[in-house]
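Structure file run.tsv (TSV, C-alpha atoms) is printed below.
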```tsv
chain	number	residue	atom	x	y	z
A	462	MET	CA	5.67	-3.27	22.07
A	463	ASN	CA	5.48	0.12	20.39
A	464	ASN	CA	9.20	0.31	20.68
A	465	ILE	CA	9.65	-2.93	18.74
A	466	ILE	CA	7.24	-1.77	16.04
A	467	PHE	CA	9.22	1.43	15.67
A	468	THR	CA	12.54	-0.42	15.45
A	469	LEU	CA	11.06	-2.75	12.83
A	470	LEU	CA	9.91	0.25	10.80
A	471	THR	CA	13.24	2.10	10.92
A	472	THR	CA	15.31	-1.03	10.28
A	473	PHE	CA	13.34	-2.08	7.23
A	474	LEU	CA	13.19	1.50	6.01
A	475	GLN	CA	16.97	1.44	6.04
A	476	ILE	CA	17.13	-1.96	4.32
A	477	GLY	CA	14.66	-0.79	1.66
A	478	LEU	CA	16.63	2.37	1.06
A	479	LEU	CA	19.93	0.56	0.58
A	480	SER	CA	18.67	-2.33	-1.54
A	481	ILE	CA	19.18	-0.89	-4.99
A	482	GLY	CA	19.16	-3.33	-7.87
A	483	GLY	CA	17.51	-6.15	-5.97
A	484	GLY	CA	18.29	-9.78	-6.57
A	485	TYR	CA	20.97	-11.69	-4.79
A	486	ALA	CA	23.11	-8.63	-4.08
A	487	ILE	CA	20.90	-7.60	-1.17
A	488	ILE	CA	21.13	-10.90	0.72
A	489	PRO	CA	24.15	-9.88	2.88
A	490	LEU	CA	22.62	-6.44	3.45
A	491	ILE	CA	19.50	-7.87	5.07
A	492	GLN	CA	21.52	-10.45	6.96
A	493	GLU	CA	23.66	-7.75	8.54
A	494	GLN	CA	20.62	-6.08	10.12
A	495	VAL	CA	18.27	-8.95	10.82
A	496	VAL	CA	20.74	-11.63	11.93
A	497	ASN	CA	23.90	-9.85	13.09
A	498	SER	CA	22.64	-6.58	14.60
A	499	TYR	CA	19.24	-7.45	16.06
A	500	ASN	CA	19.31	-11.26	16.40
A	501	TRP	CA	15.73	-11.37	15.14
A	502	LEU	CA	16.52	-14.53	13.20
A	503	THR	CA	19.23	-17.17	13.46
A	504	LEU	CA	21.45	-17.66	10.44
A	505	GLN	CA	19.66	-20.96	9.76
A	506	GLU	CA	16.26	-19.25	9.80
A	507	TYR	CA	17.53	-16.57	7.47
A	508	THR	CA	18.94	-19.14	5.04
A	509	ASP	CA	15.54	-20.82	5.16
A	510	ILE	CA	13.83	-17.56	4.25
A	511	ILE	CA	16.06	-17.18	1.22
A	512	ALA	CA	15.09	-20.69	0.14
A	513	ILE	CA	11.42	-19.96	0.80
A	514	SER	CA	11.71	-16.65	-1.03
A	515	GLN	CA	12.80	-18.53	-4.11
A	516	MET	CA	9.80	-20.80	-3.70
A	517	THR	CA	7.18	-18.16	-3.10
A	518	PRO	CA	6.20	-15.13	-5.11
A	519	GLY	CA	7.34	-11.70	-4.06
A	520	PRO	CA	10.61	-9.83	-3.60
A	521	LEU	CA	13.14	-11.01	-1.02
A	522	VAL	CA	12.97	-7.73	0.92
A	523	VAL	CA	9.19	-7.92	1.26
A	524	ASN	CA	9.29	-11.62	2.11
A	525	THR	CA	11.91	-11.14	4.82
A	526	ALA	CA	10.07	-8.13	6.22
A	527	SER	CA	6.81	-10.07	6.44
A	528	PHE	CA	8.45	-13.09	8.00
A	529	VAL	CA	10.52	-11.18	10.55
A	530	GLY	CA	7.66	-8.78	11.33
A	531	ILE	CA	5.17	-11.53	12.11
A	532	ARG	CA	7.65	-13.42	14.29
A	533	ILE	CA	8.67	-10.37	16.29
A	534	ALA	CA	5.38	-8.55	16.64
A	535	GLY	CA	2.54	-10.45	14.97
A	536	ILE	CA	0.40	-9.09	12.14
A	537	PRO	CA	1.04	-5.40	12.97
A	538	GLY	CA	4.76	-6.17	12.91
A	539	ALA	CA	4.48	-7.79	9.49
A	540	ILE	CA	2.54	-4.83	8.09
A	541	VAL	CA	4.88	-2.20	9.55
A	542	ALA	CA	8.07	-4.00	8.46
A	543	THR	CA	6.70	-4.48	4.94
A	544	LEU	CA	5.66	-0.84	4.76
A	545	GLY	CA	9.15	0.19	5.83
A	546	SER	CA	10.78	-1.98	3.18
A	547	ILE	CA	8.81	-0.46	0.28
A	548	LEU	CA	8.36	3.16	1.34
A	549	SER	CA	11.61	4.60	-0.01
A	550	GLY	CA	11.17	2.83	-3.36
A	551	PHE	CA	7.62	4.15	-3.59
A	552	ILE	CA	8.65	7.76	-3.02
A	553	VAL	CA	11.94	7.80	-4.96
A	554	SER	CA	10.55	6.06	-8.04
A	555	ILE	CA	7.63	8.48	-8.34
A	556	VAL	CA	9.92	11.48	-7.84
A	557	LEU	CA	12.35	10.18	-10.50
A	558	TYR	CA	9.49	9.37	-12.89
A	559	ASN	CA	8.15	12.91	-12.59
A	560	PHE	CA	11.63	14.34	-13.01
A	561	PHE	CA	12.22	12.48	-16.27
A	562	LYS	CA	8.74	13.28	-17.52
A	563	LYS	CA	9.07	16.98	-16.74
A	564	HIS	CA	12.45	17.27	-18.47
A	565	LYS	CA	11.90	14.88	-21.34
A	566	ASP	CA	12.54	17.66	-23.86
A	567	ILE	CA	16.01	18.31	-22.50
A	568	ASP	CA	18.30	16.04	-24.53
A	569	SER	CA	20.92	15.44	-21.87
A	570	ILE	CA	18.29	14.25	-19.38
A	571	SER	CA	16.30	12.09	-21.78
A	572	ASN	CA	19.59	10.54	-22.87
A	573	VAL	CA	20.26	9.56	-19.26
A	574	LEU	CA	16.93	7.73	-19.18
A	575	LYS	CA	17.86	5.96	-22.41
A	576	GLY	CA	21.15	4.97	-20.81
A	577	LEU	CA	19.37	3.63	-17.74
A	578	ARG	CA	17.17	1.60	-20.07
A	579	SER	CA	20.25	0.10	-21.76
A	580	SER	CA	21.95	-0.70	-18.51
A	581	SER	CA	18.73	-2.22	-17.14
A	582	VAL	CA	18.82	-4.65	-20.08
A	583	GLY	CA	22.32	-5.63	-18.96
A	584	LEU	CA	21.23	-6.01	-15.34
A	585	ILE	CA	18.16	-8.04	-16.27
A	586	ALA	CA	20.36	-10.25	-18.45
A	587	SER	CA	22.63	-10.72	-15.45
A	588	ALA	CA	19.71	-11.75	-13.23
A	589	ALA	CA	18.38	-14.03	-15.99
A	590	SER	CA	21.78	-15.71	-16.26
A	591	THR	CA	21.77	-16.42	-12.55
A	592	ILE	CA	18.31	-18.00	-12.81
A	593	ILE	CA	19.39	-20.00	-15.86
A	594	MET	CA	22.45	-21.30	-14.05
A	595	ILE	CA	20.41	-22.30	-11.02
A	596	ALA	CA	17.80	-23.98	-13.22
A	597	PHE	CA	20.27	-25.78	-15.49
A	598	LEU	CA	23.18	-26.50	-13.16
A	599	GLY	CA	21.73	-26.15	-9.68
A	600	THR	CA	24.38	-23.60	-8.75
A	601	SER	CA	24.91	-19.89	-9.28
A	602	SER	CA	28.67	-19.95	-8.80
A	603	PHE	CA	31.26	-20.51	-11.48
A	604	ASN	CA	32.56	-23.59	-9.73
A	605	PHE	CA	31.37	-26.30	-12.12
A	606	ASP	CA	32.99	-29.22	-10.31
A	607	ASN	CA	29.84	-30.43	-8.63
A	608	ALA	CA	27.49	-28.97	-11.24
A	609	ASP	CA	24.73	-31.32	-12.22
A	610	ILE	CA	23.32	-30.63	-15.66
A	611	ASN	CA	19.54	-30.74	-15.70
A	612	ILE	CA	18.45	-31.81	-19.19
A	613	ALA	CA	14.72	-31.52	-18.38
A	614	ALA	CA	15.12	-27.89	-17.33
A	615	ILE	CA	16.99	-27.10	-20.55
A	616	ILE	CA	14.22	-28.70	-22.62
A	617	VAL	CA	11.48	-26.84	-20.72
A	618	PHE	CA	13.42	-23.61	-21.20
A	619	ILE	CA	13.88	-24.06	-24.96
A	620	ILE	CA	10.27	-25.09	-25.60
A	621	SER	CA	8.96	-22.21	-23.47
A	622	LEU	CA	11.14	-19.68	-25.26
A	623	LEU	CA	10.11	-20.96	-28.71
A	624	LEU	CA	6.42	-20.81	-27.74
A	625	LEU	CA	6.85	-17.29	-26.34
A	626	ARG	CA	8.63	-16.02	-29.47
A	627	LYS	CA	6.17	-17.61	-31.87
A	628	TYR	CA	2.72	-17.45	-30.25
A	629	LYS	CA	3.13	-14.77	-27.55
A	630	PRO	CA	1.11	-16.66	-24.93
A	631	ASN	CA	0.40	-15.27	-21.47
A	632	PRO	CA	3.65	-15.57	-19.45
A	633	VAL	CA	1.65	-16.79	-16.43
A	634	LEU	CA	0.49	-19.75	-18.54
A	635	ILE	CA	4.08	-20.62	-19.47
A	636	ILE	CA	5.19	-20.48	-15.83
A	637	VAL	CA	2.29	-22.64	-14.61
A	638	VAL	CA	2.78	-25.23	-17.38
A	639	SER	CA	6.52	-25.42	-16.72
A	640	GLY	CA	5.72	-25.94	-13.03
A	641	PHE	CA	3.65	-28.99	-14.00
A	642	ALA	CA	6.43	-30.16	-16.30
A	643	GLY	CA	8.72	-29.96	-13.28
A	644	LEU	CA	6.32	-32.13	-11.29
A	645	ILE	CA	6.37	-34.78	-14.05
A	646	PHE	CA	10.10	-34.73	-14.85
A	647	TYR	CA	11.78	-34.37	-11.48
B	1383	MET	CA	-17.93	8.61	-14.02
B	1384	ARG	CA	-17.18	7.68	-10.43
B	1385	LEU	CA	-18.21	4.13	-11.12
B	1386	LYS	CA	-15.79	4.05	-14.02
B	1387	LYS	CA	-13.00	5.21	-11.76
B	1388	LEU	CA	-13.81	2.61	-9.14
B	1389	LYS	CA	-13.80	-0.03	-11.85
B	1390	LEU	CA	-10.35	1.13	-12.98
B	1391	TYR	CA	-9.06	1.02	-9.40
B	1392	PHE	CA	-10.45	-2.44	-8.96
B	1393	SER	CA	-8.88	-3.76	-12.14
B	1394	LEU	CA	-5.54	-2.19	-11.17
B	1395	PHE	CA	-5.72	-4.02	-7.86
B	1396	ARG	CA	-6.82	-7.30	-9.42
B	1397	ILE	CA	-4.07	-7.27	-12.08
B	1398	THR	CA	-1.21	-6.32	-9.74
B	1399	PHE	CA	-2.39	-8.79	-7.12
B	1400	SER	CA	-2.44	-11.67	-9.58
B	1401	ILE	CA	0.86	-10.64	-11.20
B	1402	SER	CA	2.48	-10.49	-7.78
B	1403	ALA	CA	1.13	-13.92	-6.89
B	1404	PHE	CA	3.12	-15.27	-9.84
B	1405	THR	CA	6.42	-13.39	-9.54
B	1406	PHE	CA	8.50	-16.44	-8.84
B	1407	GLY	CA	12.18	-16.03	-9.52
B	1408	GLY	CA	12.78	-12.35	-8.98
B	1409	GLY	CA	11.24	-9.01	-9.81
B	1410	TYR	CA	11.97	-9.03	-13.50
B	1411	VAL	CA	9.22	-11.51	-14.33
B	1412	VAL	CA	6.88	-8.63	-13.63
B	1413	ILE	CA	7.96	-6.86	-16.82
B	1414	PRO	CA	6.63	-9.46	-19.31
B	1415	MET	CA	3.45	-9.81	-17.23
B	1416	MET	CA	2.87	-6.07	-17.07
B	1417	ARG	CA	3.41	-5.91	-20.80
B	1418	ARG	CA	0.78	-8.58	-21.29
B	1419	TYR	CA	-1.91	-6.91	-19.18
B	1420	PHE	CA	-1.24	-3.17	-19.25
B	1421	VAL	CA	0.31	-2.79	-22.73
B	1422	ASN	CA	-1.22	-5.53	-24.89
B	1423	ASP	CA	-4.62	-6.27	-23.34
B	1424	LEU	CA	-5.75	-2.98	-21.81
B	1425	ALA	CA	-3.51	-0.56	-23.74
B	1426	LEU	CA	-3.25	1.67	-20.67
B	1427	ILE	CA	0.48	2.31	-21.13
B	1428	SER	CA	2.76	2.09	-24.16
B	1429	GLU	CA	5.60	-0.40	-24.48
B	1430	GLN	CA	8.09	2.48	-24.46
B	1431	GLU	CA	6.66	3.81	-21.19
B	1432	LEU	CA	6.87	0.38	-19.61
B	1433	LEU	CA	10.56	0.16	-20.47
B	1434	ASP	CA	11.15	3.62	-19.00
B	1435	MET	CA	9.36	2.49	-15.84
B	1436	ALA	CA	11.50	-0.63	-15.69
B	1437	ALA	CA	14.64	1.48	-16.04
B	1438	ILE	CA	13.53	3.86	-13.27
B	1439	ALA	CA	12.36	1.02	-10.99
B	1440	GLN	CA	15.75	-0.59	-11.48
B	1441	SER	CA	17.58	2.58	-10.53
B	1442	THR	CA	15.66	3.31	-7.33
B	1443	PRO	CA	15.89	1.69	-3.92
B	1444	GLY	CA	13.58	-1.12	-2.91
B	1445	ALA	CA	12.11	-4.10	-4.69
B	1446	ILE	CA	11.91	-3.75	-8.46
B	1447	ALA	CA	8.55	-5.53	-8.73
B	1448	VAL	CA	7.00	-3.11	-6.24
B	1449	ASN	CA	8.54	-0.05	-7.88
B	1450	ILE	CA	7.32	-0.96	-11.38
B	1451	ALA	CA	3.82	-1.62	-10.05
B	1452	VAL	CA	3.84	1.73	-8.24
B	1453	LEU	CA	4.91	3.56	-11.41
B	1454	ALA	CA	2.31	1.80	-13.56
B	1455	GLY	CA	-0.40	2.67	-11.04
B	1456	TYR	CA	0.83	6.25	-10.83
B	1457	ARG	CA	0.90	6.66	-14.60
B	1458	ILE	CA	-2.62	5.23	-15.02
B	1459	ALA	CA	-4.43	6.73	-12.03
B	1460	GLY	CA	-2.17	9.13	-10.13
B	1461	ILE	CA	-1.12	8.74	-6.53
B	1462	THR	CA	-4.27	6.77	-5.63
B	1463	GLY	CA	-3.42	4.35	-8.41
B	1464	ALA	CA	0.13	4.04	-7.09
B	1465	ILE	CA	-1.11	3.20	-3.60
B	1466	ILE	CA	-3.58	0.63	-4.97
B	1467	THR	CA	-1.02	-1.14	-7.17
B	1468	CYS	CA	1.48	-1.05	-4.32
B	1469	ILE	CA	-0.97	-2.76	-1.96
B	1470	GLY	CA	-1.91	-5.22	-4.70
B	1471	THR	CA	1.73	-6.16	-5.18
B	1472	VAL	CA	2.68	-6.42	-1.52
B	1473	LEU	CA	-0.38	-8.30	-0.29
B	1474	PRO	CA	0.33	-11.76	-1.81
B	1475	PRO	CA	3.85	-12.12	-0.35
B	1476	LEU	CA	2.68	-10.62	2.95
B	1477	ILE	CA	-0.15	-13.16	3.26
B	1478	ILE	CA	1.87	-16.12	2.00
B	1479	LEU	CA	4.90	-15.45	4.21
B	1480	SER	CA	2.71	-14.83	7.25
B	1481	VAL	CA	1.06	-18.20	6.75
B	1482	ILE	CA	4.33	-19.96	5.96
B	1483	SER	CA	6.08	-18.53	9.03
B	1484	PHE	CA	4.10	-21.02	11.10
B	1485	PHE	CA	5.11	-24.18	9.29
B	1486	TYR	CA	8.00	-23.17	7.08
B	1487	LYS	CA	10.18	-26.19	7.77
B	1488	SER	CA	7.71	-28.66	6.31
B	1489	PHE	CA	7.09	-26.32	3.38
B	1490	ARG	CA	10.78	-26.02	2.63
B	1491	ASP	CA	11.29	-29.77	2.67
B	1492	ASN	CA	8.19	-30.67	0.65
B	1493	ARG	CA	9.32	-32.57	-2.44
B	1494	VAL	CA	6.23	-31.92	-4.57
B	1495	ILE	CA	6.51	-28.17	-4.02
B	1496	SER	CA	10.21	-28.14	-4.79
B	1497	ALA	CA	9.67	-30.14	-8.02
B	1498	ILE	CA	7.04	-27.67	-9.22
B	1499	LEU	CA	9.28	-24.75	-8.33
B	1500	LYS	CA	12.24	-26.32	-10.09
B	1501	GLY	CA	10.16	-26.56	-13.26
B	1502	MET	CA	8.96	-22.99	-12.88
B	1503	GLU	CA	12.54	-21.72	-12.79
B	1504	ALA	CA	13.06	-22.78	-16.40
B	1505	GLY	CA	9.75	-21.20	-17.46
B	1506	VAL	CA	10.58	-17.97	-15.63
B	1507	ALA	CA	14.00	-17.84	-17.29
B	1508	ALA	CA	12.35	-18.26	-20.71
B	1509	THR	CA	9.87	-15.43	-20.07
B	1510	ILE	CA	12.64	-13.07	-19.03
B	1511	VAL	CA	14.86	-14.00	-21.99
B	1512	ASP	CA	11.86	-13.44	-24.29
B	1513	ILE	CA	11.38	-9.83	-23.16
B	1514	LEU	CA	15.15	-9.28	-23.10
B	1515	ILE	CA	15.29	-10.05	-26.82
B	1516	ASP	CA	12.60	-7.43	-27.48
B	1517	MET	CA	14.31	-4.86	-25.25
B	1518	TRP	CA	17.66	-5.47	-26.90
B	1519	GLN	CA	16.16	-4.98	-30.39
B	1520	GLY	CA	14.68	-1.70	-29.18
B	1521	ILE	CA	18.08	-0.48	-28.04
B	1522	ILE	CA	19.82	-1.39	-31.30
B	1523	ARG	CA	17.15	0.55	-33.17
B	1524	GLU	CA	18.30	3.73	-31.39
B	1525	LYS	CA	21.53	3.50	-33.45
B	1526	ASN	CA	23.54	5.03	-30.65
B	1527	LEU	CA	26.87	3.27	-30.14
B	1528	LEU	CA	27.16	4.20	-26.46
B	1529	LEU	CA	23.68	2.86	-25.67
B	1530	THR	CA	24.29	-0.30	-27.69
B	1531	LEU	CA	27.53	-1.03	-25.85
B	1532	MET	CA	26.13	-0.15	-22.46
B	1533	ALA	CA	23.88	-3.20	-22.18
B	1534	PRO	CA	26.57	-5.87	-22.71
B	1535	ILE	CA	29.11	-3.93	-20.65
B	1536	THR	CA	26.63	-3.65	-17.77
B	1537	PHE	CA	25.97	-7.35	-18.07
B	1538	PHE	CA	29.65	-8.26	-17.77
B	1539	ALA	CA	30.28	-5.73	-15.02
B	1540	ASN	CA	27.44	-7.11	-12.95
B	1541	PHE	CA	27.41	-10.81	-13.76
B	1542	ILE	CA	31.11	-11.57	-14.16
B	1543	PHE	CA	32.78	-8.89	-12.07
B	1544	ASN	CA	30.05	-8.42	-9.45
B	1545	ILE	CA	30.26	-4.65	-9.57
B	1546	ASN	CA	27.67	-2.94	-7.40
B	1547	VAL	CA	24.48	-1.96	-9.24
B	1548	LEU	CA	24.49	1.56	-7.83
B	1549	VAL	CA	28.01	2.17	-9.15
B	1550	ILE	CA	26.98	0.92	-12.61
B	1551	ILE	CA	23.85	3.06	-12.69
B	1552	ILE	CA	25.65	6.24	-11.66
B	1553	PHE	CA	28.48	5.62	-14.12
B	1554	CYS	CA	26.05	5.01	-17.03
B	1555	SER	CA	24.01	8.11	-16.15
B	1556	ILE	CA	27.09	10.32	-16.17
B	1557	LEU	CA	28.31	8.89	-19.49
B	1558	CYS	CA	24.94	9.46	-21.16
B	1559	PHE	CA	24.68	12.96	-19.77
B	1560	ILE	CA	28.13	13.83	-21.14
B	1561	GLN	CA	27.35	12.25	-24.50
B	1562	ALA	CA	24.21	14.34	-24.94
B	1563	TYR	CA	26.01	17.45	-23.71
B	1564	ILE	CA	28.79	17.01	-26.29
B	1565	LYS	CA	26.26	16.41	-29.05
B	1566	ILE	CA	24.34	19.56	-28.16
B	1567	ARG	CA	27.52	21.62	-28.14
B	1568	GLN	CA	28.64	20.26	-31.48
B	1569	GLY	CA	25.17	20.88	-32.87
B	1570	GLY	CA	25.36	24.44	-31.54
B	1571	ILE	CA	28.69	25.10	-33.18
B	1572	ARG	CA	27.50	23.71	-36.48
B	1573	GLY	CA	24.39	25.82	-36.28
B	1574	GLU	CA	26.34	29.07	-35.97
```

What does this structure look like when you write it as structure tokens?
Amino acid sequence: MNNIIFTLLTTFLQIGLLSIGGGYAIIPLIQEQVVNSYNWLTLQEYTDIIAISQMTPGPLVVNTASFVGIRIAGIPGAIVATLGSILSGFIVSIVLYNFFKKHKDIDSISNVLKGLRSSSVGLIASAASTIIMIAFLGTSSFNFDNADINIAAIIVFIISLLLLRKYKPNPVLIIVVSGFAGLIFY
Amino acid sequence: MRLKKLKLYFSLFRITFSISAFTFGGGYVVIPMMRRYFVNDLALISEQELLDMAAIAQSTPGAIAVNIAVLAGYRIAGITGAIITCIGTVLPPLIILSVISFFYKSFRDNRVISAILKGMEAGVAATIVDILIDMWQGIIREKNLLLTLMAPITFFANFIFNINVLVIIIFCSILCFIQAYIKIRQGGIRGE
């Protein structure tokens, strides 16, 4: 039992450490460990987790860690696997934050932070485009042959964006209301 | 004084827990929500700081939503704050997935749930695009050609060409470092 807990911890520590950038890029990375190396989940179960991850709040890494952990070793397994998946991010982000704060008067270093900010806008835009494609077309690939344009989603998107730009409502409110709109339209 | 601190810890936990419970559609939704609570409502961090945190969270391993929460907690209340916001962020998915692991097939195939989630996708996309517009305006205001170009180039590199995020981040960091270095040297020569 302790052995399994330890393996869960080290495996998810490794996954957490390698999953830079998040999003859909880390899907094969987790699959390699959880499905191919350890056979903790079947490919079908893993595909289900990705679907569930899109349906439930929380990052894919944390969701997979919780799901795998509880199946392999109950609640302690879920806690340990989750801890493993977030630990490296916790430490590295605080270290980097302190580094940039300490050297913010050095131009070359503060310029690097500015650059990271610019590139994060590009990366967020990339993630947003994927979400938009899934919401509007039901696919995230550029193969538009079997794309199915979802007019309702486009309308919800435009109205939400206009409301956000004009009245600055709470984003949670927008997400909840658009969920209800989904229930009515689809 | 101690009571005040406990109150701060509690509100950190409450905010990150409820934000995390609504982070459908990827970690970036956290940024507009954090802005709402920590920047606009409580004024605990500045908008600029939040964007720095987002940039750092993006460039470090692990889930972006967790990393931003950790940095916000750390900035507001030190390492204790970081641990509290981290727990607050991780707890909702941990609980939900643990519960779902027992009946996930029926959850996955539930039509009401999938209709709600389908609608949420469009709302989530709108929230992210909203903050992207603000972030983009902030970058243009810097009036630095390299920084202005970096955002669209990163977008194309990642979205169209699928270039690894780590490669992009390292490449951008080196470029910015060199740019500042050249500027300093030129400034030095002019100053002589």

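The shell of residues at most 9 Å from B:Thr1467, with only C-alpha atoms counted and near chain neighbours (fewer than 2 positions) removed, consists of Tyr1391, Leu1394, Phe1395, Arg1396, Ile1397, Thr1398, Phe1399, Val1448, Ala1451, Val1452, Leu1453, Ala1454, Gly1455, Tyr1456, Thr1462, Gly1463, Ala1464, Ile1465, Ile1469, Gly1470, Thr1471 and Val1472 of chain B.
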
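If you look at atom CA of B:Arg1384 and atom CA of B:Ala1459, they are 12.9 Å away from each other.
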
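Here the question is which of A:Ser587, A:Gln494, A:Ser639, A:Ser621 gets nearest to B:Ala1508 using all atoms listed in the file, and that residue is A:Ser621.
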
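Proximity to chain A was assessed for B:Phe1420, B:Ser1488, B:Phe1406, B:Lys1387 counting only C-alpha atoms; the smallest distance is recorded for B:Phe1406.
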
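Remark: for chain A, the closest of the candidate residues B:Gln1519, B:Leu1432, B:Gly1409, B:Arg1567 is B:Gly1409 (distances computed over only C-alpha atoms).
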
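Going from atom CA of A:Leu470 over to atom CA of A:Ser549, you cover 11.8 Å.
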
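Using only C-alpha atoms, the protein and nucleic acid residues lying no more than 9 Å from A:Ile513, apart from those fewer than 2 places from it along its own chain, are Thr508, Asp509, Ile510, Ile511, Gln515, Met516, Thr517 and Asn524 of chain A; Leu1479, Ile1482, Tyr1486, Phe1489 and Arg1490 of chain B.
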
Original post:
What does the distance between atom CA of A:Ile536 and atom CA of B:Val1481 come to in Å, to one decimal place?
Top reply: 10.6 Å

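The shell of residues at most 10 Å from B:Val1411, with all atoms listed in the file counted and near chain neighbours (fewer than 4 positions) removed, consists of A:Ile585, A:Ala589, A:Pro632, A:Val633, A:Ile636, B:Ile1401, B:Ser1402, B:Phe1404, B:Thr1405, B:Phe1406, B:Gly1407, B:Met1415, B:Met1416, B:Ala1447, B:Val1506, B:Ala1507, B:Ala1508, B:Thr1509, B:Ile1510, B:Val1511, B:Ile1513.
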
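Take the candidates B:Leu1527, B:Ile1522, B:Val1549, B:Cys1558 and check each one against chain A using only C-alpha atoms; the shortest distance goes to B:Cys1558.
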